[in-house]
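Printed here is target-v7.csv (CSV, C-alpha atoms and all ligand atoms):
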```
chain,number,residue,atom,x,y,z
A,20,MET,CA,110.0,82.2,73.2
A,21,THR,CA,110.1,80.5,69.7
A,22,ASP,CA,109.7,77.2,71.4
A,23,LEU,CA,106.8,78.4,73.5
A,24,ARG,CA,105.1,79.7,70.4
A,25,GLU,CA,105.5,76.5,68.5
A,26,GLY,CA,104.5,74.4,71.4
A,27,VAL,CA,101.2,76.4,71.8
A,28,LEU,CA,100.4,76.0,68.1
A,29,ASP,CA,101.1,72.2,68.3
A,30,THR,CA,99.0,71.8,71.4
A,31,PHE,CA,96.2,73.9,69.9
A,32,ALA,CA,96.1,71.6,66.9
A,33,GLU,CA,96.2,68.5,69.1
A,34,VAL,CA,93.5,69.7,71.5
A,35,PHE,CA,91.1,71.3,69.0
A,36,GLY,CA,91.8,69.1,66.0
A,37,ARG,CA,92.6,72.0,63.6
A,38,PRO,CA,95.2,74.7,63.2
A,39,ALA,CA,94.9,78.0,65.0
A,40,ASP,CA,93.9,81.2,63.1
A,41,GLY,CA,96.4,83.4,64.9
A,42,LEU,CA,98.8,83.7,67.7
A,43,TRP,CA,99.0,86.7,70.2
A,44,SER,CA,101.3,87.4,73.1
A,45,ALA,CA,101.5,89.8,76.0
A,46,PRO,CA,104.2,90.3,78.6
A,47,GLY,CA,104.2,90.3,82.4
A,48,ARG,CA,105.5,93.5,84.1
A,49,VAL,CA,107.8,94.8,86.8
A,50,ASN,CA,106.9,98.0,88.4
A,51,LEU,CA,110.0,100.2,88.6
A,52,ILE,CA,108.3,102.6,91.0
A,53,GLY,CA,104.8,103.9,91.9
A,54,GLU,CA,103.1,101.3,94.1
A,55,HIS,CA,99.5,101.5,95.2
A,56,THR,CA,99.2,104.8,93.4
A,57,ASP,CA,97.2,103.6,90.4
A,58,TYR,CA,93.8,103.3,92.2
A,59,ASN,CA,94.5,106.7,93.9
A,60,GLU,CA,94.6,108.2,90.4
A,61,GLY,CA,98.3,108.9,90.7
A,62,PHE,CA,101.5,108.0,88.7
A,63,VAL,CA,103.2,104.7,88.0
A,64,LEU,CA,106.3,103.7,86.1
A,65,PRO,CA,106.2,100.0,85.2
A,66,LEU,CA,107.9,98.1,82.4
A,67,ALA,CA,106.8,95.2,80.4
A,68,ILE,CA,109.3,92.3,80.8
A,69,ASN,CA,110.7,89.7,78.4
A,70,ARG,CA,108.5,86.9,79.7
A,71,ARG,CA,105.3,86.5,77.8
A,72,THR,CA,102.0,84.7,77.8
A,73,ILE,CA,101.0,83.2,74.4
A,74,ALA,CA,97.5,82.6,73.2
A,75,ALA,CA,96.6,80.6,70.0
A,76,VAL,CA,93.1,81.4,68.9
A,77,GLY,CA,90.7,79.8,66.4
A,78,VAL,CA,87.4,81.3,65.3
A,79,ARG,CA,84.4,78.9,65.6
A,80,ASP,CA,81.3,78.9,63.5
A,81,ASP,CA,79.0,78.7,66.5
A,82,THR,CA,78.8,80.6,69.7
A,83,ARG,CA,80.8,78.3,72.0
A,84,ALA,CA,83.9,79.5,73.8
A,85,ARG,CA,86.5,76.8,74.7
A,86,VAL,CA,89.7,77.6,76.6
A,87,GLY,CA,92.6,75.4,77.5
A,88,SER,CA,96.1,75.9,78.8
A,89,SER,CA,99.2,73.9,79.0
A,90,TYR,CA,99.0,74.3,82.8
A,91,ALA,CA,95.5,73.1,83.4
A,92,ASP,CA,94.2,69.6,82.5
A,93,GLU,CA,90.7,70.4,81.5
A,94,LEU,CA,89.1,72.4,78.8
A,95,VAL,CA,86.5,74.9,80.0
A,96,GLU,CA,83.6,75.4,77.7
A,97,ILE,CA,80.7,77.8,77.8
A,98,ASP,CA,78.3,79.5,75.4
A,99,LEU,CA,78.9,83.2,74.9
A,100,ALA,CA,75.3,83.9,75.9
A,101,ASP,CA,75.9,82.4,79.3
A,102,LEU,CA,79.1,84.4,80.1
A,103,GLY,CA,78.7,86.4,83.3
A,104,PRO,CA,81.0,87.1,86.3
A,105,GLU,CA,79.1,84.6,88.4
A,106,SER,CA,79.5,81.8,85.8
A,107,LEU,CA,83.4,82.0,85.9
A,108,ASP,CA,85.9,80.6,88.3
A,109,GLY,CA,89.4,79.2,88.4
A,110,TRP,CA,92.0,80.2,85.8
A,111,ALA,CA,89.4,80.3,83.0
A,112,ALA,CA,87.8,83.3,84.7
A,113,TYR,CA,90.7,85.3,83.2
A,114,PRO,CA,90.2,84.6,79.5
A,115,LEU,CA,86.5,84.2,79.7
A,116,GLY,CA,86.2,87.2,81.9
A,117,ILE,CA,87.9,89.1,79.1
A,118,ALA,CA,85.2,87.9,76.6
A,119,TRP,CA,82.5,89.0,79.0
A,120,SER,CA,84.3,92.4,79.6
A,121,LEU,CA,84.5,93.0,75.9
A,122,GLY,CA,80.8,92.5,75.8
A,123,ARG,CA,80.6,95.6,78.1
A,124,SER,CA,82.9,97.5,75.8
A,125,GLY,CA,81.1,97.2,72.5
A,126,ALA,CA,81.2,93.5,71.5
A,127,ASP,CA,77.8,92.2,70.7
A,128,LEU,CA,78.1,88.8,72.4
A,129,GLY,CA,74.9,87.7,70.6
A,130,ALA,CA,76.5,88.3,67.2
A,131,VAL,CA,80.2,87.6,67.4
A,132,PRO,CA,81.6,84.1,66.6
A,133,GLY,CA,82.7,81.7,69.3
A,134,PHE,CA,86.4,80.8,69.7
A,135,ASP,CA,88.9,78.2,70.9
A,136,ILE,CA,91.9,79.4,72.8
A,137,LEU,CA,95.0,77.6,74.0
A,138,VAL,CA,97.4,79.5,76.3
A,139,ASP,CA,100.9,78.9,77.6
A,140,SER,CA,103.1,81.3,79.7
A,141,ALA,CA,106.6,82.1,80.6
A,142,VAL,CA,105.4,84.5,83.3
A,143,PRO,CA,105.7,82.8,86.7
A,144,VAL,CA,102.4,82.6,88.5
A,145,GLY,CA,102.2,84.2,91.9
A,146,ALA,CA,105.5,86.0,91.6
A,147,GLY,CA,104.0,89.5,91.6
A,148,LEU,CA,104.9,89.8,87.9
A,149,SER,CA,101.3,90.1,86.7
A,150,SER,CA,100.9,86.8,85.0
A,151,SER,CA,97.1,87.5,85.2
A,152,ALA,CA,97.4,90.8,83.3
A,153,ALA,CA,99.6,89.0,80.7
A,154,LEU,CA,96.9,86.4,80.2
A,155,GLU,CA,94.1,89.0,80.1
A,156,CYS,CA,95.9,91.3,77.6
A,157,ALA,CA,96.9,88.5,75.2
A,158,VAL,CA,93.3,87.4,75.1
A,159,ALA,CA,91.9,90.9,75.0
A,160,LEU,CA,94.0,91.8,72.0
A,161,ALA,CA,93.3,88.5,70.3
A,162,LEU,CA,89.5,88.8,70.7
A,163,SER,CA,89.5,92.5,69.8
A,164,ASP,CA,91.3,91.6,66.6
A,165,ILE,CA,89.2,88.6,65.6
A,166,TRP,CA,86.0,90.4,66.5
A,167,GLN,CA,87.2,93.5,64.7
A,168,LEU,CA,86.4,95.8,67.6
A,169,GLY,CA,89.0,98.3,66.9
A,170,LEU,CA,89.6,99.1,70.6
A,171,SER,CA,92.6,101.2,71.5
A,172,ARG,CA,95.3,99.9,73.9
A,173,PRO,CA,94.1,102.1,76.8
A,174,GLU,CA,90.6,100.8,76.1
A,175,LEU,CA,91.9,97.2,76.2
A,176,ALA,CA,93.6,97.9,79.5
A,177,ALA,CA,90.3,99.0,80.9
A,178,VAL,CA,88.7,95.8,79.6
A,179,GLY,CA,91.4,93.8,81.4
A,180,GLN,CA,90.9,95.7,84.6
A,181,LEU,CA,87.2,95.2,84.5
A,182,ALA,CA,87.6,91.4,84.0
A,183,GLU,CA,90.1,91.3,86.9
A,184,ASN,CA,87.8,93.4,89.2
A,185,VAL,CA,84.5,91.7,88.5
A,186,ALA,CA,85.2,88.3,87.0
A,187,VAL,CA,88.2,87.5,89.2
A,188,GLY,CA,87.2,89.7,92.1
A,189,ALA,CA,90.4,91.5,92.8
A,190,PRO,CA,90.0,95.3,93.4
A,191,THR,CA,93.1,96.2,91.4
A,192,GLY,CA,94.0,99.3,89.5
A,193,ILE,CA,94.9,99.9,85.8
A,194,MET,CA,98.7,99.6,86.0
A,195,ASP,CA,99.4,96.0,85.2
A,196,GLN,CA,97.2,95.9,82.0
A,197,SER,CA,98.6,99.2,80.9
A,198,ALA,CA,102.2,98.0,81.2
A,199,SER,CA,101.4,94.8,79.4
A,200,LEU,CA,99.7,96.7,76.5
A,201,LEU,CA,101.8,99.8,76.3
A,202,GLY,CA,105.3,98.6,77.2
A,203,ARG,CA,108.2,99.3,74.9
A,204,ARG,CA,111.7,97.7,74.6
A,205,ASP,CA,114.3,99.2,76.9
A,206,SER,CA,111.7,101.6,78.3
A,207,ALA,CA,109.2,102.1,81.1
A,208,VAL,CA,105.7,103.4,80.8
A,209,PHE,CA,105.0,106.6,82.7
A,210,LEU,CA,101.3,106.5,83.2
A,211,ASP,CA,99.0,109.2,84.7
A,212,CYS,CA,96.3,106.9,86.1
A,213,ARG,CA,93.8,109.8,86.2
A,214,SER,CA,94.0,111.1,82.6
A,215,LEU,CA,95.4,107.7,81.4
A,216,ASP,CA,97.9,109.7,79.3
A,217,SER,CA,101.2,107.8,79.0
A,218,GLU,CA,104.7,108.5,77.9
A,219,ILE,CA,107.5,106.1,77.0
A,220,VAL,CA,110.6,106.8,79.1
A,221,PRO,CA,113.9,105.2,77.9
A,222,LEU,CA,115.6,103.3,80.7
A,223,GLY,CA,119.1,102.8,79.3
A,224,PHE,CA,120.0,100.1,81.8
A,225,GLU,CA,122.2,98.1,79.4
A,226,ALA,CA,124.1,101.2,78.2
A,227,ALA,CA,124.7,102.1,81.8
A,228,GLY,CA,126.0,98.6,82.6
A,229,LEU,CA,123.0,97.8,84.9
A,230,GLU,CA,120.8,94.8,85.1
A,231,LEU,CA,117.4,94.5,86.7
A,232,LEU,CA,117.3,91.5,89.0
A,233,VAL,CA,114.0,89.9,90.1
A,234,ILE,CA,114.1,88.1,93.4
A,235,ASP,CA,110.9,86.0,93.7
A,236,THR,CA,110.6,85.2,97.4
A,237,GLY,CA,108.1,82.4,96.7
A,238,VAL,CA,105.8,83.9,99.4
A,239,SER,CA,102.4,83.7,97.7
A,240,HIS,CA,99.9,86.5,97.8
A,241,SER,CA,96.4,87.1,96.5
A,242,HIS,CA,94.9,90.5,95.8
A,243,ALA,CA,91.4,89.0,95.8
A,244,THR,CA,91.6,88.7,99.5
A,245,GLY,CA,92.7,90.7,102.6
A,246,GLY,CA,95.4,93.3,102.7
A,247,TYR,CA,95.2,94.8,99.2
A,248,ALA,CA,91.5,95.8,99.6
A,249,ALA,CA,92.1,97.0,103.1
A,250,ARG,CA,94.9,99.4,101.9
A,251,ARG,CA,92.6,100.6,99.2
A,252,ALA,CA,89.9,101.3,101.7
A,253,SER,CA,92.3,103.3,103.9
A,254,CYS,CA,93.3,105.4,101.0
A,255,GLU,CA,89.7,106.1,100.1
A,256,ALA,CA,88.9,107.0,103.8
A,257,GLY,CA,91.9,109.3,103.9
A,258,ALA,CA,90.9,111.1,100.7
A,259,ARG,CA,87.3,111.5,102.1
A,260,ALA,CA,88.6,112.9,105.4
A,261,LEU,CA,90.8,115.4,103.6
A,262,GLY,CA,88.1,116.5,101.3
A,263,VAL,CA,89.5,115.3,97.9
A,264,SER,CA,88.1,112.9,95.4
A,265,ALA,CA,91.4,110.9,95.3
A,266,LEU,CA,94.8,111.1,97.0
A,267,ARG,CA,96.3,112.2,93.7
A,268,ASP,CA,94.9,115.7,94.6
A,269,LEU,CA,97.3,116.0,97.5
A,270,GLY,CA,101.0,116.9,97.5
A,271,VAL,CA,103.8,116.8,100.1
A,272,ASP,CA,102.7,120.2,101.3
A,273,ASP,CA,99.4,118.7,102.5
A,274,LEU,CA,101.1,116.3,104.9
A,275,THR,CA,101.0,118.6,107.9
A,276,ARG,CA,97.3,119.0,107.6
A,277,ALA,CA,96.9,115.3,107.0
A,278,ARG,CA,98.7,114.5,110.2
A,279,GLU,CA,96.3,116.8,112.1
A,280,VAL,CA,93.2,115.3,110.6
A,281,LEU,CA,93.9,111.6,110.3
A,282,ASP,CA,94.5,108.8,112.8
A,283,ASP,CA,98.1,107.6,112.8
A,284,GLU,CA,97.5,104.5,110.6
A,285,THR,CA,95.5,106.3,107.9
A,286,PHE,CA,98.1,109.1,107.9
A,287,ARG,CA,100.9,106.7,107.2
A,288,ARG,CA,98.9,105.1,104.4
A,289,VAL,CA,98.2,108.5,102.9
A,290,ARG,CA,101.9,109.6,103.4
A,291,HIS,CA,103.0,106.6,101.4
A,292,VAL,CA,100.8,107.4,98.5
A,293,ILE,CA,101.6,111.1,98.4
A,294,THR,CA,105.4,110.6,98.7
A,295,GLU,CA,105.3,107.7,96.2
A,296,ASN,CA,103.6,109.9,93.6
A,297,GLN,CA,106.4,112.4,94.1
A,298,ARG,CA,109.0,109.7,93.8
A,299,VAL,CA,107.6,108.6,90.5
A,300,LEU,CA,107.8,112.1,89.1
A,301,ASP,CA,111.3,112.4,90.5
A,302,THR,CA,112.4,109.1,89.0
A,303,VAL,CA,111.1,110.1,85.5
A,304,ARG,CA,113.0,113.4,85.8
A,305,THR,CA,116.1,111.8,87.1
A,306,LEU,CA,116.1,109.1,84.3
A,307,ARG,CA,115.8,111.9,81.7
A,308,GLU,CA,118.3,114.2,83.2
A,309,GLN,CA,120.9,112.0,84.8
A,310,GLY,CA,120.2,108.4,83.6
A,311,PRO,CA,119.5,105.2,85.5
A,312,THR,CA,122.5,105.2,87.8
A,313,ALA,CA,121.0,108.1,89.7
A,314,ILE,CA,117.6,106.5,90.6
A,315,GLY,CA,118.8,104.1,93.3
A,316,ASP,CA,117.9,106.3,96.3
A,317,LEU,CA,114.4,106.7,95.0
A,318,LEU,CA,113.9,102.9,94.8
A,319,ASP,CA,115.3,102.5,98.3
A,320,ALA,CA,113.0,105.2,99.7
A,321,SER,CA,110.0,103.6,98.0
A,322,HIS,CA,110.7,100.3,99.7
A,323,ARG,CA,111.1,102.0,103.1
A,324,SER,CA,107.8,103.7,102.6
A,325,MET,CA,106.0,100.5,101.7
A,326,ARG,CA,107.6,98.7,104.6
A,327,ASP,CA,107.0,101.3,107.3
A,328,ASP,CA,104.1,103.4,106.2
A,329,PHE,CA,102.0,101.3,103.9
A,330,GLU,CA,103.0,98.0,105.7
A,331,ILE,CA,102.7,95.7,102.7
A,332,SER,CA,106.2,94.2,102.8
A,333,VAL,CA,107.0,90.8,104.4
A,334,PRO,CA,110.3,89.7,106.1
A,335,GLU,CA,111.4,87.8,103.0
A,336,LEU,CA,111.0,90.9,100.8
A,337,ASP,CA,112.9,93.1,103.3
A,338,LEU,CA,115.7,90.6,103.5
A,339,ALA,CA,116.0,90.4,99.7
A,340,VAL,CA,116.0,94.2,99.4
A,341,GLU,CA,118.5,94.7,102.2
A,342,THR,CA,120.9,92.0,101.1
A,343,ALA,CA,120.8,93.3,97.5
A,344,GLN,CA,121.6,96.8,98.7
A,345,ASN,CA,124.4,95.6,100.9
A,346,TYR,CA,126.1,93.6,98.2
A,347,GLY,CA,126.1,96.1,95.4
A,348,ALA,CA,122.6,97.0,94.1
A,349,ILE,CA,122.3,100.7,93.5
A,350,GLY,CA,118.7,100.5,94.5
A,351,ALA,CA,116.1,97.8,95.5
A,352,ARG,CA,112.5,97.6,96.4
A,353,MET,CA,109.6,95.2,96.6
A,354,THR,CA,107.5,95.4,93.4
A,355,GLY,CA,103.7,94.9,92.9
A,356,GLY,CA,100.9,94.7,95.3
A,357,GLY,CA,102.9,93.3,98.2
A,358,PHE,CA,102.3,90.7,101.0
A,359,GLY,CA,104.7,88.4,99.1
A,360,GLY,CA,105.8,88.1,95.5
A,361,SER,CA,109.0,89.7,94.2
A,362,ALA,CA,111.6,92.3,94.9
A,363,ILE,CA,113.6,94.0,92.2
A,364,ALA,CA,117.2,95.2,92.5
A,365,LEU,CA,119.1,97.4,90.0
A,366,VAL,CA,122.6,96.0,90.0
A,367,PRO,CA,125.8,96.7,88.1
A,368,SER,CA,126.3,93.8,85.7
A,369,GLU,CA,129.5,92.6,87.2
A,370,LEU,CA,127.9,92.4,90.7
A,371,VAL,CA,124.8,90.4,89.7
A,372,SER,CA,126.3,87.0,90.7
A,373,ARG,CA,127.6,88.4,94.0
A,374,VAL,CA,124.1,89.7,94.8
A,375,ARG,CA,122.5,86.4,93.9
A,376,VAL,CA,124.9,84.4,96.0
A,377,ALA,CA,124.4,86.8,99.0
A,378,VAL,CA,120.6,86.6,98.7
A,379,ASP,CA,120.7,82.9,98.5
A,380,GLY,CA,123.0,82.8,101.6
A,381,ALA,CA,120.8,85.2,103.6
A,382,PHE,CA,117.7,83.2,102.8
A,383,ALA,CA,119.3,80.0,103.9
A,384,GLU,CA,120.6,81.6,107.1
A,385,HIS,CA,117.1,82.7,108.0
A,386,GLY,CA,115.6,79.3,107.2
A,387,TYR,CA,113.6,80.7,104.2
A,388,ALA,CA,113.0,78.7,101.1
A,389,GLN,CA,115.4,79.4,98.3
A,390,PRO,CA,114.2,82.4,96.2
A,391,ASP,CA,114.0,82.2,92.4
A,392,MET,CA,116.2,84.9,90.8
A,393,PHE,CA,116.5,86.0,87.2
A,394,THR,CA,117.3,89.2,85.3
A,395,VAL,CA,114.6,90.8,83.1
A,396,THR,CA,114.8,93.3,80.3
A,397,ALA,CA,112.1,95.8,79.2
A,398,ALA,CA,110.1,94.4,76.3
A,399,ASP,CA,107.4,95.4,73.9
A,400,GLY,CA,103.8,95.1,74.9
A,401,ALA,CA,101.1,92.8,73.6
A,402,VAL,CA,101.3,91.9,69.9
A,403,ARG,CA,99.8,89.7,67.2
A,404,GLU,CA,102.7,87.3,66.6
A,405,GLN,CA,101.3,85.6,63.5
A,501,LIG,C1,98.8,95.1,91.9
A,501,LIG,C2,97.6,95.7,91.2
A,501,LIG,C3,97.9,97.0,90.6
A,501,LIG,C4,98.6,97.9,91.6
A,501,LIG,C5,99.7,97.2,92.3
A,501,LIG,C6,100.3,98.0,93.4
A,501,LIG,O1,99.8,94.7,91.0
A,501,LIG,O2,97.1,94.8,90.2
A,501,LIG,O3,96.8,97.6,90.0
A,501,LIG,O4,97.7,98.5,92.5
A,501,LIG,O5,99.3,96.0,92.9
A,501,LIG,O6,101.0,99.1,92.9
```
Please, can you express the file's structure as structure tokens?
Ligand code: GLA
Amino acid sequence: MTDLREGVLDTFAEVFGRPADGLWSAPGRVNLIGEHTDYNEGFVLPLAINRRTIAAVGVRDDTRARVGSSYADELVEIDLADLGPESLDGWAAYPLGIAWSLGRSGADLGAVPGFDILVDSAVPVGAGLSSSAALECAVALALSDIWQLGLSRPELAAVGQLAENVAVGAPTGIMDQSASLLGRRDSAVFLDCRSLDSEIVPLGFEAAGLELLVIDTGVSHSHATGGYAARRASCEAGARALGVSALRDLGVDDLTRAREVLDDETFRRVRHVITENQRVLDTVRTLREQGPTAIGDLLDASHRSMRDDFEISVPELDLAVETAQNYGAIGARMTGGGFGGSAIALVPSELVSRVRVAVDGAFAEHGYAQPDMFTVTAADGAVREQ
């Protein structure tokens, strides 16, 4: 992390020919439980992870915006006056989309100064760990600070979501940006995606001798295309057919009626969301009353629901989850939007290497590419580093 910070400052100075005015960082996230519930105005329980995106920022004395990163060769440059969703593409759509989105949330893009930004990241891209939210949130906090907008963290999360929805074109919810901005060390963020009220829930993994293992299947996914939007549409159709504004308004008692009213596929989509909301509430209660060693069954049930009812898992994720469960994880599930990306497994510390070896072996046996595996801890959300 220190190296990453120093590297970004050095590269900023090399690329822009002057030192940066400040350095901001924001983490990626793992969702412990509560999948595809955010855009249904339900509950989520993500944690910010100890892998961050760093942004060095310098204020300019004109209205140009220039963004560079250690993973793209070229600088992208634009005048603030020309920022618009249609003028943005590639990776630069994330940081510049944030500047545009801040313009929708009170920044006067005709009056604020331009900026130079250089970013680097330790959040793997395409692993389902919200590298995009980490980038958005680091830049949102940085620009909010240098433009003195005084936006709250929930407001910054909404800025990030708007950028992702409009500038990037992915119809995602508010979870990832909220985790990246509100996360706290050793804790998860329990977020009500309707009221946007949040509570910090201590996880106590370390004290309980547990580690959170991420298994990145390497199967790539994109939420700007295909399945994610289709699931969202099914949920909205289900809510309409059941006469509620969002699936959040339904509980497990409504499932009998839902089965009568809906076609089989829509019913299963709806059942996932309704039961998943309940599992989030149960997980929060269990963490508080019994501690993390008691949440395994809820994680397992969440995975089954995503595999069978919501149908967003892939064979690699199922194999990772089943193998982890069979070799000692107390619970495991895919995390994030699905169709690829990562699984998480909650594993007693002394069994982590056994699980890793078993997952490697199972992937090799099935002819799948070797997955990338690493443990993560719950970290603080976005900060100004210096
Ligand atoms: C992606 C989206 C989130 C959320 C999850 C599924 O990560 O960005 O808003 O919908 O998928 O829970």
Inset, instruction - Report as a count of residues only which protein, DNA and RNA residues come within 9 Å of ligand LIG 501 (chain A), using only C-alpha atoms and all ligand atoms. - result: 32
Inset, instruction - Would you kindly return, as a list in words, each protein, DNA or RNA residue with an atom no farther than 9 Å from any atom of Ala198 in chain A, considering only C-alpha atoms and excluding same-chain residues fewer than 4 positions away? - result: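 Selected residues are Pro46, Gly47, Arg48, Val49, Asn50, Leu64, Pro65, Leu66, Ala67, Ala152, Ala176, Ile193, Met194, Gly202, Arg203, Ala207, Val208, Leu210 and Gly400 of chain A.
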Inset, instruction - Could you check how far CA of Val185 in chain A sits from CA of Pro104 in chain A, in Å to one decimal? - result: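 One can read the CA of Val185 in chain A to CA of Pro104 in chain A distance as 6.2 Å.
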Legend entry - Best match for closeness to Ile349 in chain A among A:Ile314, A:Val76, A:Ala362, A:Ile117, counting only C-alpha atoms: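 That would be A:Ile314, the residue with the smallest distance to Ile349 in chain A.
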Do a neighbour search on Ala351 in chain A at 7 Å with only C-alpha atoms, toss out local chain neighbours closer than 4 positions, and write the hits as a PDB file with C-alpha atoms, in the frame of the given file.
```
ATOM      1  CA  LEU A 318     113.900 102.900  94.800  1.00  0.00           C
ATOM      2  CA  ASP A 319     115.300 102.500  98.300  1.00  0.00           C
ATOM      3  CA  VAL A 340     116.000  94.200  99.400  1.00  0.00           C
ATOM      4  CA  ALA A 343     120.800  93.300  97.500  1.00  0.00           C
ATOM      5  CA  GLN A 344     121.600  96.800  98.700  1.00  0.00           C
ATOM      6  CA  ILE A 363     113.600  94.000  92.200  1.00  0.00           C
ATOM      7  CA  ALA A 364     117.200  95.200  92.500  1.00  0.00           C
ATOM      8  CA  LEU A 365     119.100  97.400  90.000  1.00  0.00           C
TER       9      LEU A 365
END
```
Legend entry - Option closest in space to Arg267 in chain A, from A:Phe209, A:Trp166, A:Tyr346, A:Phe62 [counting only C-alpha atoms]: A:Phe62
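Counting all atoms listed in the file, the residue from A:Gly262, A:Gly122, A:Gly116, A:Pro221 that sits nearest to Arg307 in chain A is A:Pro221.
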Inset, instruction - Extract, using all atoms listed in the file, all DNA, RNA and protein residues at most 9 Å from Met325 in chain A, discarding same-chain residues fewer than 4 positions from it, and format them as a ChimeraX atom specification. - result: /A:54,288,291,320-321,329-332,352-353,357
Legend entry - Within 8 Å of Gly133 in chain A using only C-alpha atoms, minus same-chain residues under 4 positions, as an MDAnalysis selection string: chainID A and resid 78:84 98:99
Inset, instruction - In Å, rounded to a single decimal, give me how far CA of Thr72 in chain A is from CA of Val138 in chain A. - result: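 Distance between the two atoms: 7.1 Å.
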Inset, instruction - To one decimal in Å, tell me the separation between CA of Ala45 in chain A and CA of Asp399 in chain A. - result: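 Computing the Euclidean distance for CA of Ala45 in chain A and CA of Asp399 in chain A yields 8.4 Å.
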